[in-house]
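Asker: So here's input-v8.cif, just mmCIF, C-alpha atoms:
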data_start
loop_
_atom_site.label_atom_id
_atom_site.label_comp_id
_atom_site.auth_asym_id
_atom_site.auth_seq_id
_atom_site.Cartn_x
_atom_site.Cartn_y
_atom_site.Cartn_z
CA MET A 5 10.76 -17.04 -15.93
CA ALA A 6 11.57 -20.75 -15.59
CA LEU A 7 13.86 -21.76 -12.76
CA THR A 8 15.06 -25.16 -11.53
CA ARG A 9 16.95 -25.75 -8.27
CA ILE A 10 18.11 -28.78 -6.29
CA GLY A 11 17.09 -28.82 -2.63
CA HIS A 12 17.71 -30.97 0.43
CA SER A 13 14.48 -31.81 2.23
CA TYR A 14 13.69 -33.06 5.73
CA ARG A 15 10.42 -34.91 6.29
CA ASP A 16 8.78 -36.65 9.23
CA ARG A 17 9.57 -40.38 9.05
CA GLU A 18 6.17 -41.56 10.30
CA SER A 19 3.85 -39.35 8.26
CA GLY A 20 6.07 -38.30 5.36
CA THR A 21 5.19 -34.65 6.05
CA VAL A 22 7.72 -32.26 4.49
CA LEU A 23 9.24 -30.13 7.26
CA ASP A 24 11.61 -27.93 5.28
CA VAL A 25 13.75 -27.69 2.15
CA TRP A 26 17.17 -26.06 1.94
CA PHE A 27 18.38 -24.83 -1.45
CA PRO A 28 22.17 -24.30 -1.41
CA ARG A 29 23.40 -21.39 -3.49
CA ASP A 30 24.62 -22.03 -7.04
CA ASN A 31 22.64 -25.30 -7.11
CA GLN A 32 25.32 -27.14 -5.16
CA LYS A 33 24.34 -30.60 -3.91
CA ILE A 34 25.22 -30.31 -0.22
CA GLU A 35 23.72 -32.78 2.23
CA ARG A 36 22.63 -31.87 5.77
CA ASN A 37 22.50 -33.98 8.90
CA CYS A 38 21.16 -33.49 12.42
CA LEU A 39 20.42 -35.50 15.56
CA ALA A 40 16.73 -35.86 14.73
CA ARG A 41 17.75 -37.60 11.51
CA LYS A 42 20.43 -39.70 13.21
CA LEU A 43 17.87 -40.89 15.78
CA GLY A 44 15.34 -41.82 13.12
CA LEU A 45 12.61 -39.25 13.72
CA ILE A 46 13.07 -37.56 10.36
CA GLU A 47 14.55 -38.54 7.02
CA ALA A 48 16.14 -36.62 4.17
CA GLU A 49 15.90 -36.64 0.40
CA TRP A 50 16.97 -34.57 -2.59
CA VAL A 51 14.24 -32.74 -4.46
CA GLU A 52 14.29 -30.92 -7.77
CA VAL A 53 11.91 -27.98 -7.97
CA CYS A 54 10.96 -26.11 -11.11
CA ILE A 55 9.13 -22.79 -11.07
CA GLY A 56 7.61 -22.30 -14.49
CA ASP A 57 5.87 -18.99 -13.81
CA ILE A 58 6.45 -16.80 -10.75
CA ALA A 59 3.08 -15.14 -11.41
CA SER A 60 1.32 -18.43 -10.62
CA PRO A 61 0.88 -19.52 -6.98
CA PRO A 62 3.17 -22.24 -5.59
CA VAL A 63 1.83 -25.78 -5.62
CA SER A 64 4.04 -27.57 -3.07
CA THR A 65 5.92 -27.03 0.19
CA ALA A 66 9.21 -27.34 -1.66
CA GLU A 67 8.22 -24.64 -4.12
CA VAL A 68 7.26 -22.30 -1.26
CA TYR A 69 10.71 -22.80 0.25
CA LEU A 70 12.37 -22.07 -3.08
CA ARG A 71 10.45 -18.80 -3.42
CA LEU A 72 11.39 -17.83 0.13
CA HIS A 73 15.05 -18.60 -0.64
CA LEU A 74 14.93 -16.41 -3.76
CA LEU A 75 13.71 -13.50 -1.66
CA SER A 76 16.36 -13.93 1.02
CA GLU A 77 19.07 -14.40 -1.63
CA CYS A 78 17.91 -11.03 -3.05
CA ALA A 79 17.38 -12.76 -6.38
CA MET A 80 13.76 -11.54 -6.27
CA THR A 81 12.30 -8.48 -4.59
CA PRO A 82 9.25 -8.44 -2.30
CA ASN A 83 5.90 -8.45 -4.13
CA SER A 84 7.51 -9.73 -7.34
CA MET A 85 6.25 -13.32 -6.96
CA ASN A 86 2.88 -14.88 -6.33
CA LEU A 87 2.80 -16.24 -2.76
CA ASP A 88 -0.93 -16.94 -2.58
CA GLY A 89 -1.81 -19.98 -0.48
CA ILE A 90 1.59 -20.50 1.13
CA PHE A 91 0.24 -20.90 4.66
CA ALA A 92 -1.76 -23.95 3.61
CA LEU A 93 1.40 -25.47 2.10
CA LEU A 94 3.64 -24.89 5.11
CA GLN A 95 3.62 -27.19 8.12
CA ASN A 96 3.82 -25.91 11.69
CA VAL A 97 7.27 -27.10 12.80
CA ALA A 98 9.19 -27.23 16.07
CA TRP A 99 12.57 -25.73 15.16
CA THR A 100 15.01 -27.31 17.61
CA SER A 101 18.73 -27.55 18.26
CA ALA A 102 18.53 -31.20 17.12
CA GLY A 103 16.75 -30.39 13.86
CA PRO A 104 13.15 -29.71 12.77
CA VAL A 105 10.37 -32.04 13.93
CA LEU A 106 6.60 -31.94 14.11
CA PRO A 107 5.46 -30.31 17.39
CA ASN A 108 3.88 -33.55 18.60
CA ARG A 109 7.24 -35.32 18.15
CA VAL A 110 9.25 -33.07 20.48
CA ASP A 111 8.77 -35.35 23.49
CA ALA A 112 9.85 -38.36 21.43
CA LEU A 113 12.93 -36.44 20.32
CA ARG A 114 13.70 -35.50 23.92
CA MET A 115 13.50 -39.15 24.98
CA ALA A 116 15.67 -40.27 22.07
CA LEU A 117 18.32 -37.72 23.06
CA VAL A 118 18.85 -39.23 26.54
CA ALA A 119 21.89 -41.17 25.36
CA GLU A 120 23.31 -38.15 23.52
CA ASP A 121 25.37 -35.32 25.01
CA HIS A 122 22.85 -32.73 23.94
CA HIS A 123 20.55 -30.37 25.81
CA LEU A 124 17.49 -29.84 23.60
CA THR A 125 16.47 -26.27 22.87
CA VAL A 126 13.24 -25.46 21.03
CA PHE A 127 13.80 -22.13 19.29
CA SER A 128 10.25 -21.69 18.02
CA ILE A 129 7.09 -23.43 16.80
CA ASP A 130 6.20 -21.74 13.54
CA LYS A 131 5.63 -22.23 9.83
CA PHE A 132 8.72 -20.16 8.97
CA PRO A 133 12.30 -20.82 10.12
CA ARG A 134 14.99 -18.26 10.83
CA MET A 135 16.49 -16.85 7.66
CA VAL A 136 20.10 -17.23 8.79
CA ASP A 137 19.77 -21.02 9.08
CA TYR A 138 19.18 -21.16 5.31
CA VAL A 139 20.53 -17.98 3.70
CA ILE A 140 23.27 -15.55 4.77
CA PRO A 141 22.92 -12.35 2.72
CA PRO A 142 26.19 -10.47 2.13
CA GLY A 143 26.92 -7.20 3.86
CA VAL A 144 24.21 -7.25 6.53
CA ARG A 145 24.11 -7.22 10.33
CA ILE A 146 21.36 -8.98 12.29
CA ALA A 147 21.51 -8.53 16.05
CA ASP A 148 18.84 -11.15 16.86
CA ALA A 149 18.48 -13.85 14.22
CA ASP A 150 15.17 -15.05 15.65
CA ARG A 151 13.55 -11.83 14.44
CA VAL A 152 14.23 -12.29 10.73
CA ARG A 153 12.18 -14.96 8.95
CA LEU A 154 13.19 -16.90 5.87
CA GLY A 155 11.82 -14.91 2.94
CA ALA A 156 13.06 -11.57 4.28
CA HIS A 157 14.89 -9.45 1.69
CA LEU A 158 17.89 -7.64 3.20
CA ALA A 159 19.99 -5.56 0.82
CA PRO A 160 23.71 -5.08 1.52
CA GLY A 161 24.31 -2.39 4.12
CA THR A 162 21.18 -3.24 6.11
CA THR A 163 21.36 -3.41 9.90
CA VAL A 164 18.57 -5.10 11.85
CA MET A 165 18.92 -4.22 15.53
CA HIS A 166 17.73 -6.37 18.46
CA GLU A 167 14.14 -5.07 18.45
CA GLY A 168 13.89 -4.99 14.66
CA PHE A 169 11.72 -7.58 12.93
CA VAL A 170 11.56 -8.43 9.23
CA ASN A 171 8.89 -10.81 7.97
CA PHE A 172 8.83 -12.83 4.75
CA ASN A 173 8.18 -10.97 1.45
CA ALA A 174 9.43 -7.74 3.03
CA GLY A 175 12.65 -5.91 3.73
CA SER A 176 15.15 -3.37 2.47
CA LEU A 177 16.13 -2.22 -1.02
CA GLY A 178 19.35 -0.53 0.06
CA GLU A 179 21.42 0.23 3.14
CA CYS A 180 19.17 1.16 6.04
CA MET A 181 18.58 0.82 9.77
CA ILE A 182 15.71 -1.38 10.96
CA GLU A 183 14.79 -1.13 14.63
CA GLY A 184 11.02 -1.52 14.16
CA ARG A 185 8.69 -4.03 12.50
CA VAL A 186 8.69 -4.52 8.73
CA THR A 187 5.61 -6.58 7.86
CA PRO A 188 4.79 -8.65 4.73
CA GLY A 189 4.70 -6.69 1.49
CA VAL A 190 6.56 -3.70 2.94
CA VAL A 191 9.87 -2.45 1.49
CA VAL A 192 12.23 0.17 2.90
CA GLY A 193 14.28 2.36 0.56
CA ALA A 194 17.99 3.08 0.76
CA LYS A 195 19.37 5.28 3.53
CA SER A 196 16.14 5.17 5.54
CA ASP A 197 15.63 4.49 9.24
CA VAL A 198 12.79 2.45 10.76
CA GLY A 199 12.94 3.69 14.35
CA ALA A 200 12.81 1.60 17.52
CA GLY A 201 9.33 0.27 18.31
CA SER A 202 7.83 1.56 15.06
CA SER A 203 5.57 -0.45 12.77
CA ILE A 204 4.34 -0.45 9.19
CA MET A 205 0.96 -1.89 8.23
CA GLY A 206 1.33 -4.94 6.00
CA THR A 207 -1.09 -6.85 3.80
CA LEU A 208 -1.96 -9.83 6.02
CA SER A 209 -3.68 -8.57 9.17
CA GLY A 210 -7.31 -7.73 8.55
CA GLY A 211 -7.09 -8.75 4.93
CA GLY A 212 -5.71 -5.39 3.76
CA LYS A 213 -4.58 -5.14 0.16
CA GLN A 214 -2.78 -1.79 0.29
CA VAL A 215 0.98 -2.34 -0.07
CA ASN A 216 2.87 0.30 1.92
CA ALA A 217 6.50 1.28 1.62
CA ILE A 218 9.11 3.71 2.90
CA GLY A 219 11.05 5.68 0.33
CA GLU A 220 14.70 6.68 0.37
CA ARG A 221 16.37 8.92 2.96
CA SER A 222 13.30 8.83 5.19
CA LEU A 223 12.72 8.39 8.90
CA LEU A 224 9.93 6.60 10.73
CA GLY A 225 10.45 7.83 14.28
CA ALA A 226 10.64 5.71 17.41
CA ASN A 227 7.26 4.18 18.39
CA ALA A 228 5.67 5.71 15.28
CA GLY A 229 3.71 3.89 12.59
CA ILE A 230 2.25 4.27 9.13
CA GLY A 231 -0.72 2.83 7.28
CA ILE A 232 0.28 4.75 4.16
CA SER A 233 3.46 4.83 2.12
CA LEU A 234 6.14 7.30 3.15
CA GLY A 235 7.80 9.01 0.19
CA ASP A 236 11.45 9.94 -0.28
CA ASP A 237 12.96 12.50 2.12
CA SER A 238 10.05 12.24 4.54
CA ILE A 239 9.68 12.01 8.31
CA VAL A 240 7.06 10.77 10.77
CA GLU A 241 7.82 12.14 14.22
CA ALA A 242 8.33 9.80 17.17
CA GLY A 243 5.15 8.37 18.65
CA LEU A 244 2.83 9.39 15.81
CA TYR A 245 0.79 6.71 14.00
CA VAL A 246 -0.51 7.87 10.64
CA THR A 247 -3.24 5.62 9.23
CA ALA A 248 -4.89 6.08 5.85
CA GLY A 249 -7.86 7.74 7.51
CA THR A 250 -5.93 10.08 9.81
CA LYS A 251 -7.05 13.67 9.29
CA VAL A 252 -4.02 15.79 8.43
CA ARG A 253 -3.83 19.58 8.25
CA LEU A 254 -1.86 20.98 5.30
CA PRO A 255 0.16 24.24 5.50
CA ASP A 256 -2.71 26.18 3.88
CA GLY A 257 -5.12 24.97 6.57
CA THR A 258 -6.87 22.38 4.40
CA VAL A 259 -7.66 19.09 6.16
CA VAL A 260 -7.37 15.85 4.17
CA ALA A 261 -7.19 12.12 4.87
CA ALA A 262 -3.56 10.95 5.03
CA ARG A 263 -4.20 8.49 2.18
CA VAL A 264 -4.19 11.48 -0.18
CA LEU A 265 -0.53 12.07 0.72
CA SER A 266 0.56 8.44 0.47
CA GLY A 267 3.93 8.15 -1.25
CA GLN A 268 4.43 11.87 -1.75
CA PRO A 269 8.06 12.98 -1.12
CA GLY A 270 9.40 15.67 1.17
CA LEU A 271 6.79 15.59 3.93
CA LEU A 272 7.07 15.92 7.71
CA PHE A 273 4.17 14.44 9.69
CA ARG A 274 3.91 15.73 13.26
CA ARG A 275 1.35 16.28 16.00
CA ASN A 276 0.90 19.83 17.24
CA SER A 277 1.68 19.57 20.95
CA GLN A 278 -0.80 22.33 21.80
CA SER A 279 -3.81 21.59 19.60
CA GLY A 280 -3.29 17.83 19.12
CA CYS A 281 -3.85 18.27 15.38
CA VAL A 282 -1.76 16.12 13.02
CA GLU A 283 0.08 18.46 10.66
CA VAL A 284 2.15 17.94 7.53
CA LEU A 285 4.91 20.32 6.49
CA PRO A 286 7.45 20.32 3.67
CA THR A 287 10.82 18.97 4.73
CA ASP A 288 13.88 17.07 3.53
CA SER A 289 16.14 14.38 4.94
CA GLY A 290 18.52 17.10 6.15
CA ARG A 291 16.06 17.69 8.99
CA TRP A 292 17.26 14.52 10.70
CA GLY A 293 20.72 14.15 9.19
CA GLY A 294 20.30 10.73 7.57
CA ILE A 295 21.63 7.36 8.70
CA ASN A 296 25.17 6.93 9.98
CA THR A 297 27.09 5.71 6.94
CA THR A 298 29.96 4.37 9.08
CA LEU A 299 27.46 2.27 11.04
CA HIS A 300 26.25 0.64 7.82
CA ASN A 301 29.63 -0.46 6.56
CA ASN A 302 28.96 -4.14 7.22
CA ASP A 303 31.92 -5.68 5.42
#
As structure tokens, please, write out the structure in this file.
Answerer:
Amino acid sequence: MALTRIGHSYRDRESGTVLDVWFPRDNQKIERNCLARKLGLIEAEWVEVCIGDIASPPVSTAEVYLRLHLLSECAMTPNSMNLDGIFALLQNVAWTSAGPVLPNRVDALRMALVAEDHHLTVFSIDKFPRMVDYVIPPGVRIADADRVRLGAHLAPGTTVMHEGFVNFNAGSLGECMIEGRVTPGVVVGAKSDVGAGSSIMGTLSGGGKQVNAIGERSLLGANAGIGISLGDDSIVEAGLYVTAGTKVRLPDGTVVAARVLSGQPGLLFRRNSQSGCVEVLPTDSGRWGGINTTLHNND
């Protein structure tokens, strides 16, 4: 797959460090401006980026930004591109109301703004900006834009509530509710619910390589978590964290590690309130009624 796009880049005027690159949809050549540029702290230029092979790692900051745009535009799905080495190619940036600058240039920006009618707000200091400042996916709702990074993949019909968080190279494949944390590499199937305060183990922390997912019509309960994949029509009860090594009792009394059940459909994981044993039972999405379809009409 060969792909070429035109992007608009900001870079630090003193060092030439690339801060970000915006790739307008449909390869339109649309220029940006901001106070940091007007005041001479940063400068802008057009860049043309070609990705010859998505299976090869990116080689520049601009190429990383293009790959992140493709994910958030839903042109590519999570785990479909090589993103090896992106942290070394991304600069830590102060994302401000006057534009992006290097963190050590914030004070200079504040001083330069004295003559302007502008109260400076620093939204974050991070390698990744907010997705909505670069890409607006159709048919989604995001209650707190700070909690969705550029590179998140949100399918139409997705709702990300205030406590929900979606990282880069992760997200939804269909309409769903996200109130928990969706970490890199993780995808959530259509008509599933990631409950409030829940989490899904990704592939970055601790160097893990196992890519976990949630299937369709499934529920990860409030304050629950998984270190395995959850298959279609499955449920993890509220407050239960199922890691790959969690010992789980099957209906016939057999005890296995939860990794054996990873990705299998139609399972209910629960903790016996009397014995404390983690049990798994056959179930279906009818047990919890599914997501509210009216709620996910985001037109």
Asker: Asp57 of chain A: which residues within 12 Å, counting all atoms listed in the file, same-chain residues fewer than 3 positions away excluded, as a list in words?
Answerer: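 So the residues in contact are Met5, Ala6, Leu7, Thr8, Cys54, Ser60, Pro61, Pro62, Val63, Glu67, Arg71, Ser84, Met85, Asn86 and Leu87 of chain A.
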Asker: Kindly indicate which residue among A:Val25, A:Val152, A:Ala112, A:Val144 lies nearest to Glu179 of chain A, using only C-alpha atoms for the distances.
Answerer: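 The shortest atom-to-atom distance to Glu179 of chain A comes from A:Val144.
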Asker: Identify which of the residues A:Asn216, A:Thr21, A:Thr125, A:Asn227 lies closest to Leu94 of chain A, counting only C-alpha atoms when measuring atom-to-atom distances.
Answerer: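 Under the stated criterion, the closest residue is A:Thr21.
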Asker: Using only C-alpha atoms, which residue out of A:Thr100, A:Ser128, A:Thr258, A:Asn173 lies closest to His73 of chain A?
Answerer: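 So, comparing all the options, the nearest one is A:Asn173.
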Asker: Take the PyMOL selection byres ((chain A and resi 241) around 10), apply it to the structure above, and return the hits as a ChimeraX atom specification.
Answerer: /A:199,223-229,238-240,242-245,272-275
Asker: Here is a test: counting only C-alpha atoms, which residue of A:Arg221, A:Arg253, A:His122, A:Arg109 is nearest to Asp236 of chain A?
Answerer: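 Of all the options, A:Arg221 lies closest to Asp236 of chain A.
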Asker: Taking all atoms listed in the file into account, which of A:Asp237, A:Asp30, A:Glu120, A:Asp148 comes nearest Arg134 of chain A?
Answerer: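 Among the listed residues, A:Asp148 lies closest to Arg134 of chain A.
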Asker: Running the PyMOL selection byres ((chain A and resi 261) around 10) on this model by hand, what would come out? Give it as JSON, numbers by chain.
Answerer: {"A": [246, 247, 248, 249, 250, 251, 252, 253, 259, 260, 262, 263, 264, 265, 266]}
Asker: Can you measure atom CA of Asp150 of chain A to atom CA of Phe172 of chain A for me? One decimal in Å is fine.
Answerer: 12.8 Å
Asker: Pick out the closest residue to Val192 of chain A from this set: A:Leu254, A:Ala147, A:Gly178, A:Asn83. Count all atoms listed in the file.
Answerer: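 When distances to Val192 of chain A are compared using all atoms listed in the file, the smallest one comes from A:Gly178.
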Asker: Do you have the atom CA of Arg29 of chain A-atom CA of Tyr138 of chain A distance handy?
Answerer: 9.8 Å
Asker: Give me the residues within 9 Å of segment 74-78 of chain A as number ranges by chain, counting all atoms listed in the file and dropping any in the same chain fewer than 5 places off.
Answerer: A: 29, 69, 135, 138-142, 154-159, 172-174
Asker: Keeping only C-alpha atoms, write those residues as a short mmCIF file (atom, residue, chain, number, x, y, z; two decimals), in the frame of the given file.
Answerer:
data_model
loop_
_atom_site.label_atom_id
_atom_site.label_comp_id
_atom_site.auth_asym_id
_atom_site.auth_seq_id
_atom_site.Cartn_x
_atom_site.Cartn_y
_atom_site.Cartn_z
CA ARG A 29 23.40 -21.39 -3.49
CA TYR A 69 10.71 -22.80 0.25
CA MET A 135 16.49 -16.85 7.66
CA TYR A 138 19.18 -21.16 5.31
CA VAL A 139 20.53 -17.98 3.70
CA ILE A 140 23.27 -15.55 4.77
CA PRO A 141 22.92 -12.35 2.72
CA PRO A 142 26.19 -10.47 2.13
CA LEU A 154 13.19 -16.90 5.87
CA GLY A 155 11.82 -14.91 2.94
CA ALA A 156 13.06 -11.57 4.28
CA HIS A 157 14.89 -9.45 1.69
CA LEU A 158 17.89 -7.64 3.20
CA ALA A 159 19.99 -5.56 0.82
CA PHE A 172 8.83 -12.83 4.75
CA ASN A 173 8.18 -10.97 1.45
CA ALA A 174 9.43 -7.74 3.03
#
Asker: Any idea what the distance is between atom CA of Leu117 of chain A and atom CA of Glu18 of chain A?
Answerer: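 Taking atom CA of Leu117 of chain A as the start and atom CA of Glu18 of chain A as the end point, the length is 18.0 Å.
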Asker: Counting all atoms listed in the file, what is within 6 Å of Leu234 of chain A, bar same-chain residues fewer than 4 positions away, as a list in words?
Answerer: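 Once the adjacent positions are removed, what remains is Ile218, Gly219 and Gly267 of chain A.
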Asker: Missing atoms in segment 130-154 of chain A: fill them in up to N, CA and C atoms and send the result as a compact mmCIF listing (two decimals), in the frame of the given file.
Answerer:
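Output file result_4.txt follows:
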# COMPACT_ATOMS: atom_id res chain seq x y z
N ASP A 130 6.66 -22.71 14.55
CA ASP A 130 6.20 -21.74 13.54
C ASP A 130 6.24 -22.40 12.17
N LYS A 131 5.60 -21.76 11.22
CA LYS A 131 5.63 -22.23 9.83
C LYS A 131 6.89 -21.78 9.11
N PHE A 132 7.54 -20.72 9.62
CA PHE A 132 8.72 -20.16 8.97
C PHE A 132 9.94 -20.31 9.88
N PRO A 133 11.07 -20.76 9.33
CA PRO A 133 12.30 -20.82 10.12
C PRO A 133 13.04 -19.49 10.10
N ARG A 134 14.11 -19.43 10.87
CA ARG A 134 14.99 -18.26 10.83
C ARG A 134 15.69 -18.19 9.48
N MET A 135 15.83 -17.00 8.95
CA MET A 135 16.49 -16.85 7.66
C MET A 135 17.94 -17.32 7.70
N VAL A 136 18.66 -16.98 8.77
CA VAL A 136 20.10 -17.23 8.79
C VAL A 136 20.46 -18.71 8.80
N ASP A 137 19.50 -19.58 9.12
CA ASP A 137 19.77 -21.02 9.08
C ASP A 137 19.74 -21.56 7.65
N TYR A 138 19.32 -20.72 6.71
CA TYR A 138 19.18 -21.16 5.31
C TYR A 138 19.93 -20.25 4.34
N VAL A 139 19.90 -18.94 4.59
CA VAL A 139 20.53 -17.98 3.70
C VAL A 139 21.25 -16.93 4.52
N ILE A 140 22.49 -16.64 4.15
CA ILE A 140 23.27 -15.55 4.77
C ILE A 140 23.49 -14.49 3.70
N PRO A 141 22.72 -13.40 3.72
CA PRO A 141 22.92 -12.35 2.72
C PRO A 141 24.24 -11.63 2.98
N PRO A 142 24.91 -11.18 1.93
CA PRO A 142 26.19 -10.47 2.13
C PRO A 142 25.97 -9.05 2.63
N GLY A 143 26.90 -8.59 3.47
CA GLY A 143 26.92 -7.20 3.86
C GLY A 143 25.80 -6.75 4.77
N VAL A 144 25.27 -7.65 5.60
CA VAL A 144 24.21 -7.25 6.53
C VAL A 144 24.63 -7.57 7.96
N ARG A 145 23.96 -6.90 8.91
CA ARG A 145 24.11 -7.22 10.33
C ARG A 145 22.74 -7.51 10.90
N ILE A 146 22.62 -8.60 11.66
CA ILE A 146 21.36 -8.98 12.29
C ILE A 146 21.66 -9.26 13.75
N ALA A 147 21.17 -8.40 14.63
CA ALA A 147 21.51 -8.53 16.05
C ALA A 147 20.82 -9.73 16.70
N ASP A 148 19.59 -10.02 16.30
CA ASP A 148 18.84 -11.15 16.86
C ASP A 148 18.25 -11.94 15.70
N ALA A 149 18.87 -13.08 15.39
CA ALA A 149 18.48 -13.85 14.22
C ALA A 149 17.06 -14.39 14.30
N ASP A 150 16.52 -14.55 15.50
CA ASP A 150 15.17 -15.05 15.65
C ASP A 150 14.13 -14.09 15.08
N ARG A 151 14.50 -12.84 14.85
CA ARG A 151 13.55 -11.83 14.44
C ARG A 151 13.57 -11.54 12.93
N VAL A 152 14.23 -12.42 12.18
CA VAL A 152 14.23 -12.29 10.73
C VAL A 152 13.86 -13.64 10.13
N ARG A 153 12.68 -13.70 9.50
CA ARG A 153 12.18 -14.96 8.95
C ARG A 153 12.76 -15.25 7.57
N LEU A 154 12.84 -16.53 7.23
CA LEU A 154 13.19 -16.90 5.87
C LEU A 154 12.18 -16.26 4.93
